[in-house]
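What follows is the content of entry.txt, which has compact mmCIF, C-alpha atoms and all ligand atoms:
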```
# COMPACT_ATOMS: atom_id res chain seq x y z
CA PRO A 1 -8.46 -25.87 -8.15
CA THR A 2 -9.67 -23.66 -5.34
CA ARG A 3 -7.42 -22.60 -2.50
CA ARG A 4 -9.04 -21.49 0.74
CA PRO A 5 -9.07 -19.96 3.17
CA VAL A 6 -6.83 -17.13 1.99
CA VAL A 7 -6.38 -13.58 3.30
CA ILE A 8 -4.47 -10.73 1.68
CA SER A 9 -3.90 -7.21 2.97
CA THR A 10 -1.99 -4.05 2.11
CA TRP A 11 1.45 -3.05 3.42
CA ARG A 12 3.68 -4.57 6.06
CA HIS A 13 1.23 -3.98 8.91
CA GLY A 14 -0.88 -6.51 6.99
CA LEU A 15 1.21 -9.34 8.46
CA ALA A 16 -0.11 -8.81 11.99
CA ALA A 17 -3.59 -8.13 10.66
CA ASN A 18 -3.50 -11.38 8.65
CA GLU A 19 -2.54 -13.32 11.80
CA ALA A 20 -5.68 -12.12 13.55
CA ALA A 21 -7.80 -12.88 10.48
CA TRP A 22 -6.23 -16.34 10.12
CA LYS A 23 -7.21 -17.29 13.68
CA ILE A 24 -10.81 -17.05 12.53
CA LEU A 25 -10.39 -18.38 8.99
CA SER A 26 -8.38 -21.45 10.00
CA LYS A 27 -11.17 -22.53 12.36
CA GLY A 28 -13.75 -22.36 9.60
CA GLY A 29 -14.93 -18.88 10.61
CA ARG A 30 -16.65 -16.36 8.39
CA ALA A 31 -14.58 -14.08 6.15
CA LEU A 32 -16.54 -11.07 7.42
CA ASP A 33 -15.47 -11.74 11.02
CA ALA A 34 -11.90 -12.35 9.86
CA VAL A 35 -11.49 -9.08 7.98
CA GLU A 36 -13.02 -7.06 10.82
CA ALA A 37 -10.76 -8.69 13.43
CA GLY A 38 -7.79 -8.34 11.08
CA VAL A 39 -7.92 -4.64 10.35
CA ARG A 40 -8.76 -3.83 13.98
CA VAL A 41 -5.17 -4.82 14.78
CA SER A 42 -3.80 -2.04 12.55
CA GLU A 43 -6.39 0.46 13.80
CA SER A 44 -5.36 -0.13 17.40
CA ASP A 45 -1.60 -0.14 16.78
CA PRO A 46 -0.16 3.28 17.65
CA GLU A 47 2.92 2.49 15.53
CA VAL A 48 0.83 2.40 12.35
CA SER A 49 0.87 6.04 11.33
CA SER A 50 -2.04 6.17 8.93
CA VAL A 51 -4.76 4.08 10.54
CA GLY A 52 -6.72 4.67 13.76
CA VAL A 53 -4.69 5.29 16.92
CA GLY A 54 -1.41 6.94 15.96
CA GLY A 55 -2.83 8.09 12.62
CA ARG A 56 -1.52 11.39 11.35
CA PRO A 57 -3.96 14.27 11.70
CA ASP A 58 -5.42 16.67 9.15
CA ALA A 59 -4.04 20.17 8.59
CA SER A 60 -5.84 21.41 11.71
CA GLY A 61 -4.40 18.67 13.95
CA GLN A 62 -7.55 16.49 14.11
CA VAL A 63 -7.36 12.75 13.44
CA THR A 64 -10.36 11.76 11.30
CA LEU A 65 -11.02 8.22 10.21
CA ASP A 66 -12.62 6.57 7.18
CA ALA A 67 -13.57 2.88 6.91
CA CYS A 68 -15.86 0.46 5.13
CA ILE A 69 -16.74 -3.23 5.17
CA MET A 70 -18.57 -5.50 2.72
CA ASP A 71 -19.71 -9.11 2.99
CA GLU A 72 -20.59 -12.08 0.79
CA LYS A 73 -24.22 -11.00 0.54
CA GLY A 74 -23.23 -7.65 -0.89
CA ASP A 75 -24.23 -5.93 2.34
CA CYS A 76 -21.97 -3.05 3.27
CA GLY A 77 -21.39 -0.29 5.80
CA ALA A 78 -19.13 2.74 5.97
CA VAL A 79 -18.10 5.63 8.19
CA ALA A 80 -16.23 8.77 7.22
CA TYR A 81 -14.82 11.80 9.03
CA LEU A 82 -15.23 9.85 12.25
CA ARG A 83 -13.39 11.20 15.31
CA ASP A 84 -12.28 9.78 18.68
CA ILE A 85 -13.16 6.15 17.92
CA GLU A 86 -10.45 3.50 18.02
CA ASN A 87 -12.02 0.95 15.67
CA PRO A 88 -14.02 2.60 12.89
CA ILE A 89 -14.32 -0.72 11.04
CA SER A 90 -16.57 -2.03 13.80
CA VAL A 91 -18.74 1.08 13.55
CA ALA A 92 -18.94 0.49 9.79
CA ARG A 93 -20.11 -3.05 10.51
CA MET A 94 -22.74 -1.71 12.92
CA VAL A 95 -23.98 0.71 10.26
CA MET A 96 -24.32 -2.32 7.98
CA GLU A 97 -26.04 -4.57 10.50
CA LYS A 98 -28.03 -2.25 12.75
CA THR A 99 -29.29 0.45 10.40
CA PRO A 100 -31.00 0.60 7.02
CA HIS A 101 -28.12 2.82 5.82
CA VAL A 102 -24.76 2.23 4.18
CA MET A 103 -22.76 5.30 5.17
CA MET A 104 -22.64 7.61 8.20
CA VAL A 105 -20.27 10.51 8.73
CA GLY A 106 -18.87 12.89 11.30
CA GLU A 107 -20.70 13.77 14.48
CA GLY A 108 -23.72 11.59 13.63
CA ALA A 109 -21.55 8.54 13.09
CA LYS A 110 -19.76 9.20 16.37
CA ARG A 111 -23.01 9.57 18.30
CA PHE A 112 -24.24 6.33 16.69
CA ALA A 113 -21.06 4.54 17.84
CA LEU A 114 -21.36 5.87 21.39
CA ALA A 115 -25.04 4.93 21.53
CA ASN A 116 -23.99 1.38 20.60
CA GLY A 117 -21.61 1.04 23.50
CA ILE A 118 -18.34 2.05 21.84
CA LYS A 119 -16.07 4.19 24.01
CA GLU A 120 -14.45 7.46 23.06
CA LYS A 121 -10.68 7.47 22.70
CA GLN A 122 -7.97 10.07 22.10
CA LEU A 123 -6.35 9.04 18.81
CA LEU A 124 -3.66 11.67 18.42
CA THR A 125 -0.47 10.19 19.85
CA ALA A 126 2.42 12.32 21.07
CA ARG A 127 4.44 11.24 18.04
CA ALA A 128 1.72 12.07 15.49
CA LYS A 129 1.26 15.45 17.20
CA GLN A 130 4.98 16.15 16.98
CA ASP A 131 5.02 15.24 13.28
CA TRP A 132 2.06 17.54 12.70
CA GLU A 133 3.69 20.43 14.57
CA LYS A 134 6.82 20.00 12.50
CA TRP A 135 4.80 19.91 9.28
CA LYS A 136 2.93 23.05 10.32
CA THR A 137 6.11 25.01 10.93
CA GLN A 138 7.46 23.94 7.56
CA HIS A 139 4.20 24.53 5.65
CA PRO A 140 2.41 27.44 7.32
CA ASP A 141 -0.25 27.57 4.60
CA ALA A 142 0.55 24.82 2.14
CA ILE A 143 -1.52 21.75 1.38
CA GLN A 144 1.01 19.04 0.90
CA HIS A 145 0.14 15.95 -1.08
CA ARG A 146 2.73 13.75 0.45
CA GLN A 147 4.25 10.90 -1.50
CA ILE A 148 2.63 7.73 -0.26
CA ASN A 149 5.00 4.84 -0.05
CA VAL A 150 6.44 2.05 1.94
CA GLU A 151 7.88 4.11 4.75
CA ASN A 152 4.58 5.69 5.69
CA HIS A 153 2.68 2.39 5.73
CA ASP A 154 -0.76 3.63 4.86
CA THR A 155 -4.25 2.38 4.77
CA ILE A 156 -5.07 -1.20 5.46
CA GLY A 157 -7.26 -2.90 2.91
CA MET A 158 -7.97 -6.60 3.49
CA VAL A 159 -9.88 -9.14 1.42
CA ALA A 160 -10.43 -12.79 2.28
CA ILE A 161 -12.08 -16.02 1.21
CA ASP A 162 -13.20 -18.38 3.98
CA ALA A 163 -13.34 -22.16 4.11
CA ALA A 164 -16.93 -22.06 2.87
CA GLY A 165 -15.78 -20.11 -0.20
CA ASN A 166 -17.36 -16.80 0.83
CA LEU A 167 -15.63 -13.46 0.27
CA SER A 168 -15.54 -10.31 2.40
CA GLY A 169 -13.39 -7.21 2.69
CA ALA A 170 -12.53 -4.29 4.95
CA CYS A 171 -10.68 -1.02 4.42
CA THR A 172 -9.71 1.54 7.08
CA THR A 173 -7.51 4.64 7.25
CA SER A 174 -6.81 7.99 8.82
CA GLY A 175 -6.44 9.22 5.24
CA LEU A 176 -3.76 11.40 3.79
CA ALA A 177 -1.67 13.12 6.45
CA TRP A 178 -2.24 16.88 6.68
CA LYS A 179 -5.37 16.68 4.50
CA LEU A 180 -7.80 19.60 4.40
CA PRO A 181 -10.21 19.28 7.33
CA GLY A 182 -13.32 17.53 6.02
CA ARG A 183 -11.53 15.70 3.23
CA VAL A 184 -12.66 12.11 2.67
CA GLY A 185 -10.68 9.70 0.51
CA ASP A 186 -11.49 6.48 -1.31
CA SER A 187 -11.19 4.16 1.68
CA PRO A 188 -14.78 4.43 3.03
CA ILE A 189 -16.35 4.54 -0.44
CA ILE A 190 -17.81 1.24 -1.60
CA GLY A 191 -16.50 0.58 -5.11
CA ALA A 192 -13.50 2.90 -4.69
CA GLY A 193 -11.51 1.71 -1.65
CA LEU A 194 -13.20 -1.70 -1.46
CA TYR A 195 -15.54 -3.93 -3.39
CA VAL A 196 -16.77 -7.48 -2.92
CA ASP A 197 -18.85 -9.59 -5.29
CA ASN A 198 -19.22 -13.09 -3.95
CA GLU A 199 -19.68 -14.56 -7.45
CA VAL A 200 -16.42 -13.09 -8.69
CA GLY A 201 -13.90 -11.72 -6.22
CA ALA A 202 -12.92 -8.81 -4.00
CA ALA A 203 -10.47 -5.93 -4.23
CA SER A 204 -9.13 -3.05 -2.15
CA ALA A 205 -7.08 0.05 -2.91
CA THR A 206 -4.35 2.10 -1.28
CA GLY A 207 -2.63 5.32 -2.26
CA VAL A 208 -3.94 8.72 -3.30
CA GLY A 209 -7.66 8.36 -2.78
CA GLU A 210 -8.71 11.05 -5.22
CA ALA A 211 -7.18 9.08 -8.11
CA VAL A 212 -8.85 5.87 -6.93
CA ILE A 213 -12.28 7.50 -6.61
CA ARG A 214 -12.10 8.90 -10.15
CA ALA A 215 -11.58 5.41 -11.56
CA VAL A 216 -13.97 3.66 -9.10
CA GLY A 217 -10.90 1.50 -8.66
CA SER A 218 -11.92 -1.52 -6.58
CA PHE A 219 -15.18 -1.99 -8.47
CA LEU A 220 -13.17 -1.87 -11.68
CA VAL A 221 -10.80 -4.58 -10.45
CA VAL A 222 -13.76 -6.85 -9.63
CA GLU A 223 -15.43 -6.15 -12.99
CA LEU A 224 -12.18 -7.02 -14.78
CA MET A 225 -12.08 -10.33 -12.91
CA ARG A 226 -15.71 -10.90 -13.95
CA GLN A 227 -14.57 -10.51 -17.56
CA GLY A 228 -12.10 -13.34 -17.03
CA HIS A 229 -8.91 -11.60 -15.96
CA SER A 230 -6.85 -13.08 -13.14
CA PRO A 231 -6.60 -11.01 -9.93
CA GLN A 232 -3.06 -10.04 -10.95
CA GLN A 233 -4.09 -8.90 -14.44
CA ALA A 234 -7.16 -7.13 -13.09
CA CYS A 235 -5.04 -5.12 -10.63
CA ARG A 236 -2.66 -4.18 -13.44
CA LEU A 237 -5.43 -3.15 -15.85
CA ALA A 238 -7.19 -1.08 -13.18
CA THR A 239 -3.90 0.67 -12.41
CA GLU A 240 -3.52 1.39 -16.13
CA ARG A 241 -6.97 3.00 -16.06
CA VAL A 242 -5.97 5.19 -13.11
CA ILE A 243 -2.87 6.17 -15.08
CA ALA A 244 -4.93 7.00 -18.19
CA LYS A 245 -7.30 9.20 -16.17
CA ASN A 246 -4.65 11.10 -14.18
CA PRO A 247 -2.19 13.16 -16.22
CA ASN A 248 -0.05 13.63 -13.09
CA TRP A 249 0.14 9.86 -12.49
CA LYS A 250 3.92 9.86 -12.24
CA ASP A 251 3.59 11.82 -9.00
CA LEU A 252 0.97 9.49 -7.53
CA GLN A 253 1.01 6.19 -5.77
CA VAL A 254 -2.00 3.94 -6.22
CA GLY A 255 -2.01 0.22 -5.51
CA PHE A 256 -4.60 -2.55 -5.65
CA ILE A 257 -4.89 -6.01 -4.13
CA ALA A 258 -7.42 -8.62 -5.23
CA ILE A 259 -8.65 -12.14 -4.60
CA ASP A 260 -10.97 -14.20 -6.74
CA LYS A 261 -13.51 -16.91 -6.08
CA ARG A 262 -10.84 -19.58 -6.62
CA GLY A 263 -8.59 -18.06 -3.97
CA ARG A 264 -6.11 -16.67 -6.51
CA THR A 265 -4.57 -13.34 -5.48
CA GLY A 266 -2.72 -10.42 -7.03
CA GLY A 267 -1.45 -6.90 -6.52
CA TYR A 268 -0.15 -4.06 -8.66
CA CYS A 269 0.81 -0.40 -8.18
CA ILE A 270 2.21 2.68 -9.90
CA GLN A 271 5.35 3.36 -7.84
CA PRO A 272 7.73 0.70 -6.60
CA GLY A 273 7.58 0.10 -2.85
CA PHE A 274 4.06 -1.19 -2.35
CA ASP A 275 3.98 -4.66 -0.84
CA TYR A 276 1.19 -6.78 0.57
CA ALA A 277 0.78 -9.60 3.06
CA LEU A 278 -0.61 -12.95 1.91
CA TYR A 279 -1.61 -15.82 4.19
CA ASP A 280 -2.60 -19.27 2.93
CA HIS A 281 -2.21 -22.89 4.05
CA GLU A 282 0.57 -23.77 1.61
CA ASN A 283 3.05 -21.03 2.48
CA GLY A 284 1.89 -19.33 5.66
CA ASN A 285 2.03 -15.57 6.16
CA ARG A 286 4.49 -13.55 4.07
CA MET A 287 5.12 -10.25 2.30
CA LEU A 288 5.05 -10.01 -1.49
CA PRO A 289 6.22 -6.98 -3.46
CA ALA A 290 3.59 -5.75 -5.92
CA PRO A 291 4.89 -5.27 -9.45
CA SER A 292 4.85 -1.56 -10.32
CA ARG A 293 4.29 0.40 -13.51
CA ILE A 294 7.33 2.60 -12.80
CA ALA A 295 10.41 0.43 -12.43
C1 LIG B 301 -6.81 7.99 1.25
N1 LIG B 301 -6.24 5.88 0.26
O1 LIG B 301 -7.39 8.51 2.21
C2 LIG B 301 -6.15 6.69 1.45
C3 LIG B 301 -4.78 7.08 1.85
C4 LIG B 301 -3.73 6.10 2.10
O2 LIG B 301 -2.52 4.27 1.41
O3 LIG B 301 -3.02 6.31 3.01
N2 LIG B 301 -3.55 5.11 1.29
O4 LIG B 301 -6.73 8.53 0.15
```
Before we go any further, please render this structure as structure tokens.
Amino acid sequence: PTRRPVVISTWRHGLAANEAAWKILSKGGRALDAVEAGVRVSESDPEVSSVGVGGRPDASGQVTLDACIMDEKGDCGAVAYLRDIENPISVARMVMEKTPHVMMVGEGAKRFALANGIKEKQLLTARAKQDWEKWKTQHPDAIQHRQINVENHDTIGMVAIDAAGNLSGACTTSGLAWKLPGRVGDSPIIGAGLYVDNEVGAASATGVGEAVIRAVGSFLVVELMRQGHSPQQACRLATERVIAKNPNWKDLQVGFIAIDKRGRTGGYCIQPGFDYALYDHENGNRMLPAPSRIA
């Protein structure tokens, strides 16, 4: 049996994002429109400290954003190291729809956004600036790889199936707090932070991007579903791969969410504390804890 529409997204801020996505999905709208509208909610929320407005800056105090989007046709768009733009996911969609390219970065991506009518916006909130100043005093020259977990919310990855049975996904982040200026994580990289194959399923990742990129994590989840694994098993097996490829895995958080063509969903992570928001007709919108490798 197929259940649809269904939308699933990472972390507690996923609840509000799912609501926005559901407004579109429940009216028979396209999954692509739903995931874009969904993650825009987290991007614009100043209380979400690792996406868009209110995102924590890099080591030099600049907020830089990474995002990507992928649809049921396998079309995709991405932006990285984007500054001063509230909704990078919509710029990623414009890259997909208005250019022959997949990925644009930095100043060029910003100029492209402005040329397409998007307004500039100051993203560094007073609170994020305070946090950064505190970090700087405590770590005058250190590069801290902070522990990513429930209390710092993190990236939003969202994947959905619409009433027509089509899949799409979106992923957007301000990346690791206090990252080296210029650093780009997994979130805007198709196959790493997000992957969609309309014949099989879709997946998205959260956590330490470097570990996800090395395993091409989201693509791996989708390929495991193609081999017959359920979304839940596929997320677990992909996490095991990340573990196998990263000797320091006990110090890392990585989590995956996935949905398949039948509307089945799953999630799995390394450290306890990762939860995701699931919205379907049967049970409405709710949080589910992802099983973790470390108890
Ligand atoms: C990154 N995956 O830039 C993102 C970070 C994040 O929850 O906050 N994930 O590596």
Can you tell me, as a PyMOL selection string, what residues are no more than 9 Å from Glu36 in chain A when counting all atoms listed in the file, ignoring any on the same chain fewer than 6 positions away?
chain A and resi 21+69+89-90+93+158+169-170
Would you pick out the contacts of range 185-194 of chain A at 8 Å or less, using all atoms listed in the file, so that residues sharing its chain but fewer than 4 positions from it are not included, and give the list as a ChimeraX atom specification?
/A:66-70,76,78-80,155,157,169-173,175-176,202-206,208-210,212-213,215-220
Counting all atoms listed in the file, the residue among A:Arg83, A:Gly77, A:Asn116, A:Gly165 that lies closest to Val102 in chain A is A:Gly77
What lies within 6 Å of range 261-266 of chain A using all atoms listed in the file, ignoring chain neighbours under 4 positions off, as an mmCIF file with C-alpha atoms, keeping the file's coordinate frame?
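Done, and the output landed in selection-v1.cif:
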```
data_model
loop_
_atom_site.group_PDB
_atom_site.id
_atom_site.type_symbol
_atom_site.label_atom_id
_atom_site.label_comp_id
_atom_site.auth_asym_id
_atom_site.auth_seq_id
_atom_site.Cartn_x
_atom_site.Cartn_y
_atom_site.Cartn_z
ATOM 1 C CA THR A 2 -9.670 -23.660 -5.340
ATOM 2 C CA ARG A 3 -7.420 -22.600 -2.500
ATOM 3 C CA ARG A 4 -9.040 -21.490 0.740
ATOM 4 C CA VAL A 200 -16.420 -13.090 -8.690
ATOM 5 C CA GLY A 201 -13.900 -11.720 -6.220
ATOM 6 C CA PRO A 231 -6.600 -11.010 -9.930
ATOM 7 C CA GLN A 232 -3.060 -10.040 -10.950
ATOM 8 C CA ILE A 257 -4.890 -6.010 -4.130
#
```
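Minimum atom-to-atom distance to ligand LIG 301 (chain B), evaluated using only C-alpha atoms and all ligand atoms, belongs to A:Cys269 out of A:Ile8, A:Ala17, A:Cys269, A:Val41.
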Local residues around (-13.0, 11.6, 19.0), at most 9 Å away, using all atoms listed in the file, as an NGL selection string:
:A and (62-64 or 82-86 or 110 or 120-123)
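Take the candidates A:Pro88, A:Gly29, A:Gly74, A:Gly273 and check each one against Val6 in chain A using all atoms listed in the file; the shortest distance goes to A:Gly29.
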Straight-line distance linking CA of Asn18 in chain A with CA of Ala34 in chain A, stated in Å to one decimal
8.5 Å
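The spacing separating CA of Pro140 in chain A from CA of Val51 in chain A amounts to 24.6 Å.
Note that the spacing between CA of Lys129 in chain A and CA of Gly54 in chain A amounts to 9.0 Å.
With distances restricted to only C-alpha atoms, A:Ala211 is the closest residue to Pro247 in chain A from A:Cys235, A:Ile24, A:Leu124, A:Ala211.
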Of the residues A:Val184, A:Ile161, A:Ala113, A:Ala16, which is the one nearest to ligand LIG 301 (chain B), using only C-alpha atoms and all ligand atoms?
A:Val184
Could you write out as JSON the box around range 131-138 of chain A (axis-aligned, all atoms listed in the file, 5 Å on each side), with centre and edge lengths in Å to one decimal?
```
{"center_x": 4.8, "center_y": 20.1, "center_z": 11.1, "size_x": 15.4, "size_y": 19.8, "size_z": 17.0}
```
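Among the candidates A:Ser9, A:Ser168, A:Ser174, A:Gln271, the residue lying nearest to ligand LIG 301 (chain B) is A:Ser174 (atoms considered: all atoms listed in the file).
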